[in-house]
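Everything below belongs to target_5.cif, which stores mmCIF, C-alpha atoms and all ligand atoms.
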data_structure
loop_
_atom_site.label_atom_id
_atom_site.label_comp_id
_atom_site.auth_asym_id
_atom_site.auth_seq_id
_atom_site.Cartn_x
_atom_site.Cartn_y
_atom_site.Cartn_z
CA MET A 1 6.33 -26.86 -7.86
CA SER A 2 2.69 -26.00 -8.43
CA ASP A 3 1.79 -24.47 -5.10
CA VAL A 4 -0.08 -21.18 -4.84
CA PHE A 5 3.07 -19.06 -5.07
CA ALA A 6 4.25 -20.63 -8.33
CA ASP A 7 2.85 -17.83 -10.49
CA LEU A 8 4.50 -15.07 -8.52
CA VAL A 9 7.23 -14.31 -11.00
CA GLY A 10 10.69 -13.20 -9.90
CA GLN A 11 9.67 -12.38 -6.29
CA ASP A 12 11.72 -14.86 -4.28
CA GLU A 13 12.16 -12.70 -1.18
CA ALA A 14 8.48 -11.86 -0.89
CA VAL A 15 7.56 -15.52 -1.29
CA VAL A 16 9.88 -16.53 1.55
CA GLU A 17 8.30 -13.92 3.82
CA LEU A 18 4.76 -14.94 2.91
CA ARG A 19 5.45 -18.64 3.43
CA ARG A 20 6.80 -17.89 6.89
CA ALA A 21 3.79 -15.76 7.77
CA ALA A 22 1.40 -18.45 6.56
CA ALA A 23 3.17 -20.99 8.77
CA ALA A 24 2.91 -18.60 11.72
CA ALA A 25 -0.79 -18.09 11.01
CA ALA A 26 -1.32 -21.85 10.98
CA ALA A 27 0.47 -22.02 14.33
CA VAL A 28 -1.98 -19.47 15.72
CA LEU A 29 -4.89 -21.63 14.62
CA ARG A 30 -3.33 -24.75 16.13
CA ALA A 31 -2.83 -22.92 19.43
CA GLY A 32 -6.48 -21.88 19.24
CA ALA A 33 -7.54 -25.47 18.71
CA ALA A 34 -5.52 -26.34 21.82
CA ASP A 35 -7.97 -24.26 23.80
CA ARG A 36 -6.36 -20.90 23.98
CA ALA A 37 -7.81 -17.75 22.57
CA PRO A 38 -5.37 -16.92 19.82
CA ALA A 39 -4.87 -13.38 18.79
CA LEU A 40 -2.57 -11.37 16.64
CA ILE A 41 -1.48 -7.99 17.74
CA THR A 42 -1.71 -5.23 15.22
CA ALA A 43 1.33 -3.60 13.78
CA GLY A 44 2.00 -0.44 15.73
CA PRO A 45 3.39 2.70 14.14
CA ALA A 46 6.83 2.15 15.60
CA SER A 47 7.32 -1.57 15.51
CA GLY A 48 7.12 -4.05 12.74
CA ALA A 49 4.33 -6.52 13.06
CA GLU A 50 5.02 -8.70 15.99
CA PHE A 51 3.33 -11.93 16.61
CA ALA A 52 2.17 -12.71 20.08
CA GLY A 53 -0.43 -14.29 22.25
CA PRO A 54 -3.19 -12.42 24.06
CA ASP A 55 -0.85 -11.39 26.84
CA GLY A 56 1.51 -9.96 24.26
CA GLY A 57 4.07 -12.37 25.54
CA ALA A 58 6.15 -15.17 24.18
CA GLU A 59 3.36 -17.64 23.97
CA PHE A 60 4.34 -18.74 20.49
CA ALA A 61 8.02 -18.41 21.14
CA GLU A 62 8.86 -21.36 18.92
CA VAL A 63 7.92 -19.22 15.93
CA ASP A 64 10.35 -16.57 14.78
CA PRO A 65 8.63 -13.31 15.77
CA ALA A 66 9.94 -11.47 12.72
CA ALA A 67 8.29 -14.09 10.58
CA GLY A 68 4.99 -13.61 12.33
CA MET A 69 1.55 -13.08 11.12
CA THR A 70 -0.30 -9.80 11.31
CA HIS A 71 -3.75 -8.45 10.49
CA ALA A 72 -2.95 -5.99 7.75
CA TRP A 73 -0.61 -6.15 4.80
CA ILE A 74 0.22 -3.91 1.86
CA PHE A 75 1.64 -5.37 -1.34
CA THR A 76 3.43 -2.70 -3.33
CA GLY A 77 5.11 -2.74 -6.70
CA PRO A 78 4.86 -1.41 -10.23
CA PRO A 79 1.82 -2.41 -12.33
CA GLY A 80 2.11 -5.99 -13.50
CA SER A 81 4.63 -6.98 -10.84
CA GLY A 82 2.02 -9.28 -9.33
CA ARG A 83 0.57 -7.37 -6.36
CA SER A 84 -2.83 -8.99 -6.63
CA VAL A 85 -1.31 -12.37 -7.54
CA ALA A 86 0.74 -12.20 -4.35
CA ALA A 87 -2.25 -11.15 -2.24
CA ARG A 88 -4.41 -13.95 -3.60
CA ALA A 89 -1.69 -16.54 -3.15
CA PHE A 90 -1.21 -15.43 0.44
CA ALA A 91 -4.97 -15.57 1.02
CA ALA A 92 -4.92 -19.14 -0.28
CA ALA A 93 -2.01 -20.05 1.98
CA LEU A 94 -3.99 -18.70 4.95
CA GLN A 95 -6.96 -20.88 4.00
CA CYS A 96 -4.82 -23.90 3.13
CA VAL A 97 -5.62 -26.88 5.35
CA HIS A 98 -1.88 -27.62 5.52
CA GLY A 99 -1.02 -23.98 6.20
CA THR A 100 1.45 -23.93 3.33
CA GLY A 101 -0.47 -22.93 0.23
CA CYS A 102 -0.14 -26.43 -1.23
CA GLY A 103 -2.33 -25.57 -4.20
CA GLU A 104 -4.17 -28.89 -3.96
CA CYS A 105 -6.47 -28.78 -0.93
CA PRO A 106 -10.02 -27.35 -1.02
CA GLY A 107 -8.91 -24.21 0.87
CA CYS A 108 -6.24 -23.40 -1.72
CA ARG A 109 -8.37 -24.32 -4.70
CA THR A 110 -11.48 -22.41 -3.74
CA THR A 111 -9.44 -19.33 -2.84
CA MET A 112 -7.55 -19.38 -6.13
CA GLY A 113 -10.81 -20.04 -7.95
CA GLY A 114 -12.45 -17.07 -6.26
CA THR A 115 -15.18 -19.06 -4.52
CA HIS A 116 -13.92 -19.38 -0.93
CA ALA A 117 -16.64 -18.20 1.46
CA ASP A 118 -14.18 -16.40 3.74
CA VAL A 119 -12.18 -14.55 1.09
CA ARG A 120 -13.56 -11.31 -0.24
CA LEU A 121 -12.00 -9.66 -3.21
CA VAL A 122 -12.52 -5.97 -3.92
CA VAL A 123 -11.63 -5.03 -7.45
CA PRO A 124 -12.61 -1.43 -8.05
CA GLU A 125 -14.24 -1.05 -11.43
CA GLY A 126 -14.51 2.69 -11.33
CA LEU A 127 -12.02 5.39 -10.47
CA SER A 128 -12.49 5.01 -6.73
CA ILE A 129 -13.72 2.74 -3.96
CA GLY A 130 -16.51 4.47 -2.06
CA VAL A 131 -17.31 4.56 1.62
CA GLY A 132 -20.54 2.56 1.25
CA GLU A 133 -18.76 -0.34 -0.35
CA MET A 134 -16.01 -0.23 2.27
CA ARG A 135 -18.40 -0.13 5.26
CA ALA A 136 -20.33 -3.13 3.96
CA LEU A 137 -17.08 -4.96 3.46
CA VAL A 138 -15.72 -4.19 6.90
CA LEU A 139 -18.96 -5.33 8.46
CA ARG A 140 -18.94 -8.67 6.67
CA ALA A 141 -15.25 -9.17 7.36
CA ALA A 142 -15.94 -9.00 11.10
CA SER A 143 -18.00 -12.18 11.09
CA THR A 144 -16.57 -15.50 12.25
CA PRO A 145 -14.89 -17.36 9.40
CA SER A 146 -17.23 -20.11 8.27
CA GLY A 147 -14.29 -22.33 7.32
CA GLY A 148 -12.78 -22.00 10.79
CA ARG A 149 -9.61 -20.29 9.60
CA TRP A 150 -9.43 -16.61 8.58
CA GLN A 151 -11.66 -13.95 7.11
CA VAL A 152 -9.53 -12.48 4.37
CA VAL A 153 -10.27 -9.24 2.55
CA VAL A 154 -8.19 -8.49 -0.54
CA ILE A 155 -8.40 -4.90 -1.75
CA GLU A 156 -6.88 -4.41 -5.17
CA ASP A 157 -5.92 -0.86 -6.08
CA ALA A 158 -6.19 0.36 -2.49
CA ASP A 159 -4.81 3.64 -3.85
CA ARG A 160 -8.29 4.24 -5.23
CA LEU A 161 -9.94 4.40 -1.81
CA THR A 162 -11.79 7.65 -1.24
CA GLU A 163 -10.81 9.46 1.93
CA ALA A 164 -14.01 8.38 3.68
CA ALA A 165 -13.52 4.77 2.57
CA GLY A 166 -9.95 4.92 3.83
CA ASN A 167 -11.18 6.05 7.22
CA ALA A 168 -13.71 3.23 7.40
CA LEU A 169 -10.95 0.77 6.58
CA LEU A 170 -8.57 2.35 9.08
CA LYS A 171 -11.04 1.80 11.89
CA ALA A 172 -11.23 -1.89 11.04
CA ILE A 173 -7.45 -2.20 10.83
CA GLU A 174 -6.98 -0.41 14.14
CA GLU A 175 -9.28 -2.77 15.98
CA PRO A 176 -9.36 -5.88 13.89
CA PRO A 177 -11.56 -8.81 14.77
CA PRO A 178 -9.29 -11.66 15.92
CA ARG A 179 -9.57 -13.71 12.75
CA THR A 180 -9.69 -11.01 10.11
CA VAL A 181 -6.83 -10.24 7.73
CA PHE A 182 -6.70 -7.32 5.29
CA LEU A 183 -4.50 -7.55 2.21
CA LEU A 184 -4.12 -4.26 0.35
CA CYS A 185 -2.48 -3.74 -3.02
CA ALA A 186 -1.06 -0.37 -4.06
CA PRO A 187 1.65 0.94 -6.39
CA SER A 188 3.71 2.27 -3.47
CA THR A 189 3.49 3.43 0.13
CA HIS A 190 3.73 7.08 -0.95
CA PRO A 191 1.05 9.14 0.87
CA ASP A 192 -0.60 9.78 -2.52
CA ASP A 193 -1.24 6.05 -2.80
CA ILE A 194 -2.00 5.05 0.75
CA SER A 195 -2.65 7.17 3.82
CA VAL A 196 0.15 7.40 6.34
CA THR A 197 -2.08 6.12 9.13
CA ILE A 198 -3.14 3.01 7.21
CA ARG A 199 0.45 2.44 6.16
CA SER A 200 1.62 2.58 9.78
CA ARG A 201 -0.73 -0.26 10.70
CA CYS A 202 0.33 -2.58 7.92
CA ARG A 203 3.30 -4.76 7.12
CA VAL A 204 4.64 -3.91 3.67
CA VAL A 205 5.63 -6.55 1.14
CA PRO A 206 7.51 -4.81 -1.67
CA LEU A 207 7.50 -6.51 -5.06
CA ARG A 208 9.96 -5.61 -7.77
CA GLN A 209 9.56 -5.42 -11.51
CA PRO A 210 10.19 -9.01 -12.54
CA PRO A 211 13.10 -9.51 -14.95
CA ALA A 212 12.13 -10.27 -18.56
CA ASP A 213 13.72 -13.72 -18.40
CA ALA A 214 11.54 -14.73 -15.45
CA VAL A 215 8.42 -13.45 -17.23
CA ALA A 216 9.33 -15.33 -20.41
CA GLU A 217 9.93 -18.50 -18.42
CA VAL A 218 6.46 -18.43 -16.87
CA LEU A 219 4.81 -17.73 -20.25
CA VAL A 220 6.49 -20.82 -21.67
CA ARG A 221 5.86 -23.03 -18.65
CA ARG A 222 2.33 -22.06 -17.74
CA ASP A 223 0.81 -20.76 -20.95
CA GLY A 224 2.64 -22.98 -23.43
CA ILE A 225 3.87 -20.03 -25.48
CA ALA A 226 6.80 -20.59 -27.86
CA PRO A 227 10.11 -19.49 -26.28
CA ASP A 228 11.00 -16.87 -28.93
CA VAL A 229 7.55 -15.26 -28.76
CA ALA A 230 7.70 -15.34 -24.96
CA GLN A 231 11.09 -13.59 -24.95
CA TRP A 232 9.89 -10.85 -27.28
CA ALA A 233 6.61 -10.31 -25.37
CA ALA A 234 8.33 -10.26 -21.95
CA ALA A 235 10.75 -7.56 -23.11
CA ALA A 236 8.05 -5.52 -24.85
CA ALA A 237 5.81 -5.64 -21.77
CA GLN A 238 8.59 -4.25 -19.57
CA GLY A 239 8.08 -6.69 -16.73
CA HIS A 240 4.27 -6.57 -16.76
CA VAL A 241 3.31 -10.23 -16.63
CA GLY A 242 -0.32 -9.88 -17.70
CA ARG A 243 0.57 -7.51 -20.52
CA ALA A 244 3.26 -9.90 -21.76
CA ARG A 245 0.76 -12.74 -21.88
CA ARG A 246 -1.73 -10.61 -23.79
CA LEU A 247 0.89 -9.52 -26.33
CA ALA A 248 1.94 -13.11 -26.84
CA ARG A 249 -1.61 -14.35 -27.36
CA ASP A 250 -3.82 -11.57 -28.66
CA PRO A 251 -3.27 -10.32 -32.23
CA GLU A 252 -5.46 -7.27 -31.53
CA ALA A 253 -3.20 -6.23 -28.66
CA ARG A 254 -0.18 -6.60 -30.95
CA LYS A 255 -1.86 -4.47 -33.62
CA ARG A 256 -2.61 -1.71 -31.10
CA ARG A 257 0.98 -1.75 -29.89
CA GLU A 258 2.28 -1.48 -33.46
CA ALA A 259 0.04 1.53 -34.09
CA VAL A 260 1.43 3.23 -30.98
CA LEU A 261 5.02 2.52 -31.96
CA ALA A 262 4.34 4.02 -35.38
CA VAL A 263 3.67 7.38 -33.73
CA PRO A 264 7.30 8.65 -33.62
CA ARG A 265 7.76 8.39 -37.38
CA ARG A 266 4.37 9.94 -38.11
CA LEU A 267 5.23 13.18 -36.30
CA THR A 268 6.15 15.34 -39.29
CA GLY A 269 4.44 18.60 -38.37
CA VAL A 270 1.89 20.34 -36.16
CA GLY A 271 -1.06 18.88 -38.06
CA ALA A 272 0.41 15.40 -37.88
CA ALA A 273 0.97 15.82 -34.15
CA PHE A 274 -2.70 16.66 -33.58
CA ASP A 275 -3.74 13.78 -35.83
CA ALA A 276 -1.55 11.41 -33.85
CA ALA A 277 -3.10 12.66 -30.60
CA SER A 278 -6.61 12.05 -31.92
CA ALA A 279 -5.67 8.60 -33.16
CA LEU A 280 -4.21 7.64 -29.79
CA ILE A 281 -7.23 8.89 -27.84
CA GLU A 282 -9.71 7.24 -30.19
CA ALA A 283 -7.84 3.95 -30.10
CA ALA A 284 -7.98 3.99 -26.30
CA GLU A 285 -11.71 4.76 -26.41
CA ALA A 286 -12.38 1.94 -28.84
CA GLU A 287 -10.33 -0.53 -26.82
CA ALA A 288 -12.11 0.47 -23.63
CA GLU A 289 -15.53 0.24 -25.22
CA ALA A 290 -14.82 -3.23 -26.52
CA SER A 291 -13.81 -4.31 -23.03
CA VAL A 292 -16.83 -2.97 -21.14
CA THR A 293 -19.79 -3.12 -23.55
CA GLU A 294 -20.54 -6.77 -22.99
CA ALA A 295 -20.47 -6.45 -19.20
CA ASP A 296 -22.66 -3.34 -19.38
CA THR A 297 -25.35 -5.07 -21.43
CA THR A 298 -25.34 -8.18 -19.25
CA GLU A 299 -25.61 -6.17 -16.04
CA ARG A 300 -28.45 -4.04 -17.32
CA ALA A 301 -30.41 -7.06 -18.50
CA ALA A 302 -29.84 -8.79 -15.15
CA LEU A 303 -30.99 -5.76 -13.20
CA GLU A 304 -34.08 -5.30 -15.37
CA THR A 305 -35.00 -8.93 -14.89
CA ALA A 306 -34.45 -8.66 -11.14
CA LEU A 307 -36.65 -5.58 -11.03
CA GLY A 308 -39.37 -7.35 -12.97
CA ALA A 309 -39.36 -5.03 -15.95
CA GLY A 310 -42.58 -5.28 -17.89
CA GLY A 311 -44.55 -6.43 -14.87
CA THR A 312 -48.16 -5.24 -14.79
CA GLY A 313 -49.40 -6.69 -11.51
CA ARG A 314 -50.19 -4.85 -8.32
CA GLY A 315 -47.17 -2.95 -7.04
CA ALA A 316 -45.52 -2.88 -10.44
CA ALA A 317 -45.76 0.91 -10.68
CA GLY A 318 -44.13 1.41 -7.31
CA ALA A 319 -41.45 -1.10 -8.14
CA MET A 320 -40.70 0.75 -11.36
CA ARG A 321 -40.22 4.03 -9.49
CA GLY A 322 -37.55 2.38 -7.31
CA ALA A 323 -36.16 0.71 -10.40
CA ALA A 324 -35.43 4.04 -12.08
CA GLY A 325 -33.14 4.93 -9.20
CA GLN A 326 -31.34 1.62 -9.37
CA LEU A 327 -30.86 1.86 -13.10
CA LYS A 328 -29.46 5.33 -12.70
CA GLU A 329 -27.05 4.04 -10.08
CA LEU A 330 -25.97 1.25 -12.44
CA GLU A 331 -25.41 3.71 -15.29
CA LYS A 332 -23.28 5.86 -13.03
CA ARG A 333 -21.16 2.87 -12.07
CA GLN A 334 -20.81 1.77 -15.68
CA LYS A 335 -19.74 5.25 -16.77
CA SER A 336 -17.07 5.30 -14.09
CA ARG A 337 -15.85 1.89 -15.21
CA ALA A 338 -15.70 3.03 -18.85
CA THR A 339 -13.62 6.07 -17.89
CA ARG A 340 -11.25 3.87 -15.96
CA ALA A 341 -10.94 1.41 -18.86
CA GLN A 342 -10.12 4.30 -21.23
CA ARG A 343 -7.44 5.63 -18.94
CA ASP A 344 -5.93 2.18 -18.52
CA ALA A 345 -5.84 1.66 -22.28
CA LEU A 346 -4.26 5.05 -22.82
CA ASP A 347 -1.74 4.42 -20.10
CA ARG A 348 -0.68 1.14 -21.70
CA ALA A 349 -0.08 3.05 -24.95
CA LEU A 350 1.97 5.68 -23.14
CA VAL A 351 4.10 3.02 -21.46
CA ASP A 352 4.85 1.49 -24.88
CA LEU A 353 5.74 4.89 -26.25
CA ALA A 354 7.97 5.64 -23.25
CA GLY A 355 9.75 2.35 -23.94
CA PHE A 356 10.55 3.52 -27.48
CA TYR A 357 12.16 6.77 -26.32
CA ARG A 358 13.96 4.93 -23.54
CA ASP A 359 15.45 2.69 -26.24
CA ALA A 360 16.56 5.78 -28.19
CA LEU A 361 18.10 7.23 -25.04
CA THR A 362 20.03 4.08 -24.09
CA MET A 363 21.28 3.78 -27.66
CA ALA A 364 22.42 7.41 -27.74
CA LEU A 365 24.28 6.76 -24.49
CA ARG A 366 25.58 3.43 -25.84
CA ALA A 367 24.36 1.85 -22.60
CA PRO A 368 24.84 -1.92 -22.56
CA VAL A 369 21.17 -2.79 -22.00
CA ALA A 370 18.74 -4.70 -24.17
CA PRO A 371 16.07 -2.65 -25.95
CA VAL A 372 12.48 -2.78 -24.69
CA HIS A 373 11.05 -3.02 -28.20
CA THR A 374 13.30 -5.29 -30.23
CA ASP A 375 11.09 -4.86 -33.28
CA THR A 376 11.52 -1.07 -33.43
CA ALA A 377 15.15 -1.04 -32.31
CA ALA A 378 16.36 0.14 -35.73
CA LEU A 379 13.93 3.04 -35.65
CA ALA A 380 14.95 3.96 -32.11
CA GLY A 381 18.57 3.81 -33.26
CA ALA A 382 17.81 6.30 -36.05
CA GLY A 383 16.11 8.53 -33.50
CA ALA A 384 19.15 8.32 -31.24
CA GLN A 385 21.35 9.56 -34.10
CA LYS A 386 19.04 12.43 -34.91
CA TRP A 387 18.14 13.57 -31.39
CA ASP A 388 21.21 12.63 -29.41
CA ALA A 389 20.88 11.69 -25.73
CA GLU A 390 19.48 15.02 -24.67
CA GLY A 391 16.74 15.13 -27.27
CA SER A 392 15.81 11.51 -26.56
CA LEU A 393 15.59 12.25 -22.85
CA ARG A 394 13.38 15.31 -23.44
CA ARG A 395 11.01 13.16 -25.47
CA LEU A 396 10.97 10.41 -22.85
CA GLU A 397 10.18 13.04 -20.24
CA ALA A 398 7.35 14.42 -22.37
CA VAL A 399 5.69 10.98 -22.36
CA LEU A 400 6.14 10.57 -18.61
CA ALA A 401 4.80 14.10 -18.01
CA CYS A 402 1.70 13.18 -20.02
CA ARG A 403 1.09 10.14 -17.82
CA ALA A 404 1.52 12.24 -14.70
CA ALA A 405 -0.86 14.92 -16.02
CA ILE A 406 -3.58 12.38 -16.77
CA GLU A 407 -3.06 10.85 -13.36
CA ALA A 408 -3.59 14.34 -11.93
CA ASN A 409 -6.91 14.59 -13.82
CA VAL A 410 -5.86 16.75 -16.75
CA LYS A 411 -8.19 15.98 -19.65
CA PRO A 412 -6.52 13.15 -21.60
CA ARG A 413 -6.89 14.83 -25.00
CA ILE A 414 -5.20 18.01 -23.79
CA ALA A 415 -2.35 16.11 -22.15
CA VAL A 416 -1.79 13.91 -25.21
CA GLU A 417 -1.84 16.86 -27.62
CA ALA A 418 0.76 18.67 -25.51
CA MET A 419 2.86 15.52 -25.49
CA MET A 420 2.67 15.02 -29.27
CA LEU A 421 3.75 18.61 -29.88
CA ALA A 422 6.68 18.14 -27.49
CA LEU A 423 7.64 14.89 -29.21
CA TRP A 424 7.58 16.60 -32.59
CA LYS A 425 9.51 19.72 -31.52
CA GLY A 426 11.85 17.76 -29.28
ZN ZN B 501 -3.63 -26.08 0.48
#
How does the structure come out when it is put into structure tokens?
Ligand SMILES: [Zn+2]
Amino acid sequence: MSDVFADLVGQDEAVVELRRAAAAAAAVLRAGAADRAPALITAGPASGAEFAGPDGGAEFAEVDPAAGMTHAWIFTGPPGSGRSVAARAFAAALQCVHGTGCGECPGCRTTMGGTHADVRLVVPEGLSIGVGEMRALVLRAASTPSGGRWQVVVIEDADRLTEAAGNALLKAIEEPPPRTVFLLCAPSTHPDDISVTIRSRCRVVPLRQPPADAVAEVLVRRDGIAPDVAQWAAAAAQGHVGRARRLARDPEARKRREAVLAVPRRLTGVGAAFDAASALIEAAEAEAEASVTEADTTERAALETALGAGGTGRGAAGAMRGAAGQLKELEKRQKSRATRAQRDALDRALVDLAGFYRDALTMALRAPVAPVHTDTAALAGAGAQKWDAEGSLRRLEAVLACRAAIEANVKPRIAVEAMMLALWKG
């Protein structure tokens, strides 16, 4: 059981659908090899994605049409549910020489390793994916697959497409080259995340938040983590597989989480609330800086080398004038990436904090559910006594409102200060 879908935790239905589609895609290629021009039709606004030959007819009638292959897919689900894992696994299955995603053949292995020539992965580093990047991508995706199978473009965080980039992508999805497949990942199909027109051209694969038991199981099996640690981390990460792994393995991540969960008992007054806000913001900044500094330095050095910094020969002056522009462009990109990293770090902290107040709420309601944070369950229980269900709910809502405000571009410090005051006052 080590095929490409093995790491897709707790998503049985999606895996069945993707396996079927991969088989249908392989059938298209076989029909092509048998001297027919294979084609997929695009998903229309009204229909699901049908699967048909060039005449739109029943050429591949032996394959269940509902199981068919199509040119554009959207993987949706909460963060950590495995959207990009699913997209990559599907890409591998499309490139698999057996058409199954066996996990062993060169097609599977190079795709999973990120080196397949016909699989392009877009991982936005900044807050958005721009139109320039998207146009270049669409252009390259239109070329004939060098491996003879499919050109696959995986776009992580497709909700970060700018409007212009979205339009460039839409054009490609509307008239896709015969062998090109787009796999988009987004939190949901809400119009805020993905435009209605793009959505209408794609088949949607919804992923759910994987249950803690399934997450723990994969941590034990794949990462060799001790079962009790895996159980704790899976619960604390609230179904986020990557976060669970980090908590299980990285002492720094555990320390940051503990600092966040200490917030509720530190809120003893207005001053303390502001202090807690500062501490949270600064911790997110420090975490983000640690994660991007190394990449920043490496990139700058690489660019300077490429531009021949320090050159004195003929043309060096002209080259340096162009270089200034490129360096500026790089700095802009790095700044955008740093902002994104800060927001991600802060969001992780807010999710932990929300888990604490959720625990207080479920305890106040005596709901028969396991706590998110087993290690602060006693503290949440004390909170439940003091605040009752209503007060716990108000606090939970204050944390969620803070996330929403930051998402809507309110300055993080202002949003977090407002939240801390609300948490203190109740
Ligand atoms: Zn394979």
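With the cut-off set to 10 Å and only C-alpha atoms and all ligand atoms counted, the residues surrounding ligand ZN 501 (chain B) are Asp3, Val4, Ala92, Ala93, Leu94, Gln95, Cys96, Val97, His98, Gly99, Thr100, Gly101, Cys102, Gly103, Glu104, Cys105, Pro106, Gly107, Cys108, Arg109, Thr110 and Thr111 of chain A.
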Report task. Select, from A:Leu423, A:Ile173, A:Ala23, A:Val260, the residue with the minimum atom-to-atom distance to A:Leu393, counting only C-alpha atoms. Result ->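 Closest candidate: A:Leu423.
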Report summary line: Closest of A:Asp388, A:Ala237, A:Glu287, A:Leu280 to A:Pro371, counting all atoms listed in the file, is A:Ala237
Report task. Mind checking which residues fall within 12 Å of stretch 399-403 of chain A, counting all atoms listed in the file, ignoring those fewer than 3 positions away in the same chain, and posting them as JSON, numbers by chain? Result -> {"A": [264, 277, 343, 344, 345, 346, 347, 348, 349, 350, 351, 352, 353, 354, 355, 356, 357, 358, 392, 393, 394, 395, 396, 406, 407, 408, 409, 410, 411, 412, 413, 414, 415, 416, 417, 418, 419, 420, 421, 422, 423, 424, 426]}
Query raised in the report: For A:Met363, which of A:Ala338, A:Ala230, A:Ala389, A:Val138 is the closest residue, counting all atoms listed in the file?
Result: A:Ala389
Query raised in the report: For A:Ala87, which residue out of A:Val153, A:Met134, A:Ala253, A:Leu219 is the nearest one, using only C-alpha atoms?
Result: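 Using only C-alpha atoms, A:Ala87 sits closest to A:Val153.
Checking A:Ala216, A:Ala306, A:Ala27, A:Val263 one by one against A:Ala323, counting only C-alpha atoms, you find the shortest gap at A:Ala306.
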Requested in this report: May I have the residues within 12 Å of A:Val215 as a ChimeraX atom specification, using all atoms listed in the file and disregarding those fewer than 4 positions away in the same chain?
Outcome: /A:7-11,80-82,209-211,219-223,225,227,229-245,248
Requested in this report: Could you please give me, as a list of chain:residue names, the residues of protein, DNA or RNA lying at most 12 Å from (-15.4, -7.7, -18.4) in the coordinate frame of the file, considering only C-alpha atoms?
Outcome: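 Final list of nearby residues, as requested, is A:Val123, A:Glu125, A:Ala288, A:Glu289, A:Ala290, A:Ser291, A:Val292, A:Thr293, A:Glu294, A:Ala295, A:Asp296, A:Thr297, A:Thr298, A:Glu299, A:Gln334, A:Arg337, A:Ala338, A:Ala341.
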Query raised in the report: So which residues are close to (-20.4, -19.7, 6.3), meaning at most 10 Å away in the file's coordinates with all atoms listed in the file counted, and can you show them as a VMD selection string?
Result: chain A and resid 116 to 118 143 to 148
Query - Interatomic distance (Å, one decimal) between atom CA of A:Ala158 and atom CA of A:Cys185 - result: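 Spanning atom CA of A:Ala158 to atom CA of A:Cys185 is a straight-line distance of 5.6 Å.
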Report task. Pick out the closest residue to A:Pro78 from this set: A:Leu261, A:Val218, A:Ala33, A:Leu207. Count only C-alpha atoms. Result -> A:Leu207
**Report entry** Selection near A:Phe90, 9 Å with only C-alpha atoms, sequence-local residues under 6 positions removed, as a list in words
**Finding:** Val4, Phe5, Val15, Leu18, Arg19, Ala21, Ala22, Gly101 and Leu183 of chain A
Query raised in the report: Any idea what the distance is between atom CA of A:Ala136 and atom CA of A:Ala25?
Result: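 For atom CA of A:Ala136 relative to atom CA of A:Ala25, the distance reads 25.6 Å.
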To box stretch 303-306 of chain A, take all atoms listed in the file, fit an axis-aligned box, add 6 Å on each side, and give centre and edge lengths in Å to one decimal, as JSON.
{"center_x": -33.0, "center_y": -7.1, "center_z": -13.3, "size_x": 16.0, "size_y": 15.6, "size_z": 16.2}
Report task. Give me the residues within 10 Å of A:Ala364 as a list of chain:residue names, counting all atoms listed in the file and dropping any in the same chain fewer than 3 places off. Result ->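 Once the adjacent positions are removed, what remains is A:Arg358, A:Asp359, A:Ala360, A:Leu361, A:Ala367, A:Ala380, A:Gly381, A:Ala382, A:Gly383, A:Ala384, A:Gln385, A:Lys386, A:Trp387, A:Asp388, A:Ala389, A:Glu390, A:Gly391, A:Ser392, A:Leu393.
Between atom CA of A:Val85 and atom CA of A:Ala212 lies a distance of 17.5 Å.
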Report task. Give me the residues within 8 Å of A:Gly166 as a ChimeraX atom specification, counting only C-alpha atoms and dropping any in the same chain fewer than 6 places off. Result -> /A:131,195,198
